[in-house]
Amino acid sequence: MKKLLILGAGTAGTMMVNYLNRKLNKKDWKITIVDQHKTHYYQPGFLFIPFGIYNEKDVIKTKKQFIPKGVEYIEEEIELIEHDKNNVVLKNSTNLSYDILIIATGSKIVPDEVDGLKGEGWFKNVFDFYTFEGASALRDKLENWKGGKFVVHLAEMPIKCPVAPLEFCFLADWYFTKKGIREKVEMTYITPLTGAFTKQNCSNVLGYLMEEKKINLVPDFDVELVDEKDNFVKSYDGQKINYDLLVSIPTNMGDDVIERSGLGDDLNFIPTDKHTLQSKKKENIFVIGDATDVPASKAGSVAHFQAEVLTKNIMNFINGKKLLKEFDGHANCFIESGFGKAFLIDFNYDVEPVEGTFPLPLVGPFSLLKESRINHMGKLAFKYIYWYMLLKGLPMPGISAQMTKVGKKIK
């Protein structure tokens, strides 16, 4: 019997195990999935926790409940990927051989990459919101915070969900307004980018929104250090931004096992064919989600579109057929703008976010690159889609893996 091994039972790994469990012949293939953590987090929900919109029950379930029957599920840390031997060594010294390997080990924040960030001020007046612990600690801090210099800091790209830092700023503006202390809060967003966002069309719109909401934008800020004694963030060119409360989006990196195994780049992301999702290291290794180095957003929607393409390519690889170059970098993201409204963007490797309707031409019901209440409702509804459809690999009518230009105002 041949063996297909999946490393990581987060969003991407869970989708793949559900897709392939329905596709592979059980008499010919054994599927095993490995993850060291019990808890499955709905990571997009972390954005809402600091503002009391979501709580623990909204974002936490067990990973095991999404693994289909008949699949071997191992809860253990991965020590090493011996790609030259088609073998994976677990922390408990168990060896798992494979014929096909799918790496879905994701990414994580590494605050230690910024000098001084994770010091005595960590979870006191310096926070992240990219972890459940960080988002929860920040919620507790904001409940009694009276105002001052509120700084949101992006360390470097790439990061999970590139729009999340801006969404956080917009929700913070709404939150402080609702609490009646907005005039006591000086909000600043500092970023290494030249604008508010990576995509220029979107950056133009969101940059204007930041100006409208009186959020100071400091671009081209390459952070050198965080001084927790005198409460300032310093760039390599000597610029200093003072804070009373700092919310940081630290450096994001791939899993440590990728570095130990010699499979990744400087940030532990795995060199991957951006269209087929096959590893550039070895032909029987495939990579999906945040673990890849492909120039697409590290977001749940991207993992979903990748999973559809990768499932086809796994089956083609097994059957000796040519791999399909079908993944086009497709991503779509709701962007919370505060006060019960949101934007929606839909783009790929070649097409920037533009105006239009989604998912149906003219009908929508969602508007692209425009602020609306129904987009906000779509953002909230996605939580249910994630738990009950996306993870289980169920079809989502009207939404294809490849981005469609129909319904978009593309010049």
# chains A, B, ... in the order shown; residues from 1 in each chain; ligands from 1
>>> residues_around(residues="Val59 in chain A", least_positions_apart="5", cutoff="12 Å", atoms="only C-alpha atoms", output="list of chain:residue names")
A:Thr39, A:His40, A:Tyr41, A:Tyr42, A:Gln43, A:Pro44, A:Gly45, A:Phe46, A:Leu47, A:Phe48, A:Ile49, A:Ile53, A:Tyr54, A:Thr131, A:Phe132, A:Glu133, A:Ala135, A:Ser136, A:Lys383, A:Tyr384, A:Tyr386, A:Trp387
>>> write_last_selection(atoms="C-alpha atoms", output="CSV table (one decimal), in the first residue's frame")
chain,number,residue,atom,x,y,z
A,39,THR,CA,-6.4,23.2,18.9
A,40,HIS,CA,-7.7,24.5,15.5
A,41,TYR,CA,-7.9,28.3,15.5
A,42,TYR,CA,-10.1,30.3,13.2
A,43,GLN,CA,-7.3,32.8,12.7
A,44,PRO,CA,-9.3,35.5,10.9
A,45,GLY,CA,-11.3,35.8,14.1
A,46,PHE,CA,-8.3,37.0,16.1
A,47,LEU,CA,-8.9,40.4,14.5
A,48,PHE,CA,-12.2,40.8,16.3
A,49,ILE,CA,-11.2,39.6,19.8
A,53,ILE,CA,-16.8,41.2,18.8
A,54,TYR,CA,-15.6,37.5,19.0
A,131,THR,CA,-2.1,34.9,18.2
A,132,PHE,CA,-5.1,34.0,20.4
A,133,GLU,CA,-3.0,34.8,23.5
A,135,ALA,CA,-5.4,39.2,20.9
A,136,SER,CA,-7.0,38.2,24.3
A,383,LYS,CA,-16.8,32.2,10.0
A,384,TYR,CA,-19.6,29.7,9.5
A,386,TYR,CA,-15.0,28.3,7.3
A,387,TRP,CA,-16.0,25.8,10.0
>>> select_by_dssp(residues="range 159-332 of chain A", states="strand (DSSP E)", output="PyMOL selection string")
chain A and resi 185-190+215-218+223-227+232-235+240-242+245-249+252-254+285-287+331-332
>>> closest_residue(among="A:Gly378, A:Tyr236, A:Val406, A:Leu369", to="Cys202 in chain A", atoms="only C-alpha atoms")
A:Leu369
>>> residues_around(residues="Ile410 in chain A", least_positions_apart="3", cutoff="10 Å", atoms="only C-alpha atoms", output="ChimeraX atom specification")
/A:351-356,405-407
>>> atom_distance(atom1="CA of Ala342 in chain A", atom2="CA of Lys411 in chain A")
24.2 Å
>>> closest_residue(among="A:Val126, A:Val34, A:Val110, A:Met253", to="Glu76 in chain A", atoms="only C-alpha atoms")
A:Val34
>>> closest_residue(among="A:Leu142, A:Met315, A:Met187, A:Ile102", to="Thr272 in chain A", atoms="only C-alpha atoms")
A:Ile102
>>> residues_around(residues="Lys179 in chain A", least_positions_apart="4", cutoff="10 Å", atoms="only C-alpha atoms", output="PDB file with N, CA and C atoms, in the first residue's frame")
ATOM      1  N   GLU A 143      -9.876  47.326  27.354  1.00  0.00           N
ATOM      2  CA  GLU A 143     -11.094  47.543  28.142  1.00  0.00           C
ATOM      3  C   GLU A 143     -10.971  48.720  29.098  1.00  0.00           C
ATOM      4  N   LYS A 146      -7.323  54.445  28.629  1.00  0.00           N
ATOM      5  CA  LYS A 146      -7.952  55.766  28.628  1.00  0.00           C
ATOM      6  C   LYS A 146      -7.520  56.651  27.468  1.00  0.00           C
ATOM      7  N   TRP A 174     -13.127  52.735  15.141  1.00  0.00           N
ATOM      8  CA  TRP A 174     -14.542  52.536  15.509  1.00  0.00           C
ATOM      9  C   TRP A 174     -14.687  52.269  17.009  1.00  0.00           C
ATOM     10  N   TYR A 175     -13.828  51.429  17.538  1.00  0.00           N
ATOM     11  CA  TYR A 175     -13.896  51.023  18.945  1.00  0.00           C
ATOM     12  C   TYR A 175     -13.692  52.220  19.877  1.00  0.00           C
TER      13      TYR A 175
END
>>> residues_around(residues="Lys26 in chain A", least_positions_apart="2", cutoff="10 Å", atoms="only C-alpha atoms", output="number ranges by chain")
A: 1-2, 21-24, 28-31, 70-71
>>> select_by_dssp(residues="range 179-407 of chain A", states="alpha helix (DSSP H)", output="ChimeraX atom specification")
/A:179,200-212,256-260,300-318,373-385
>>> residues_around(residues="Ile285 in chain A", least_positions_apart="3", cutoff="6 Å", atoms="only C-alpha atoms", output="compact mmCIF listing (two decimals) with C-alpha atoms, in the first residue's frame")
# COMPACT_ATOMS: atom_id res chain seq x y z
CA LEU A 101 4.43 14.38 0.90
CA ILE A 102 2.26 17.50 1.30
CA SER A 279 8.19 21.76 -4.40
CA LYS A 282 11.80 17.19 -5.10
>>> residues_around(residues="Thr311 in chain A", least_positions_apart="2", cutoff="10 Å", atoms="only C-alpha atoms", output="list of chain:residue names")
A:Met15, A:Met16, A:Val17, A:Tyr19, A:Leu20, A:Lys23, A:Gln306, A:Ala307, A:Glu308, A:Val309, A:Asn313, A:Ile314, A:Met315, A:Asn316, A:Phe317
>>> closest_residue(among="A:Trp145, A:Tyr349, A:Phe382, A:Phe334", to="Val185 in chain A", atoms="only C-alpha atoms")
A:Trp145
>>> closest_residue(among="A:Leu362, A:Leu245, A:Thr276, A:Pro111", to="Leu138 in chain A", atoms="only C-alpha atoms")
A:Leu245
>>> closest_residue(among="A:Arg260, A:Lys118, A:His275, A:Lys61", to="Gly134 in chain A", atoms="only C-alpha atoms")
A:Lys118
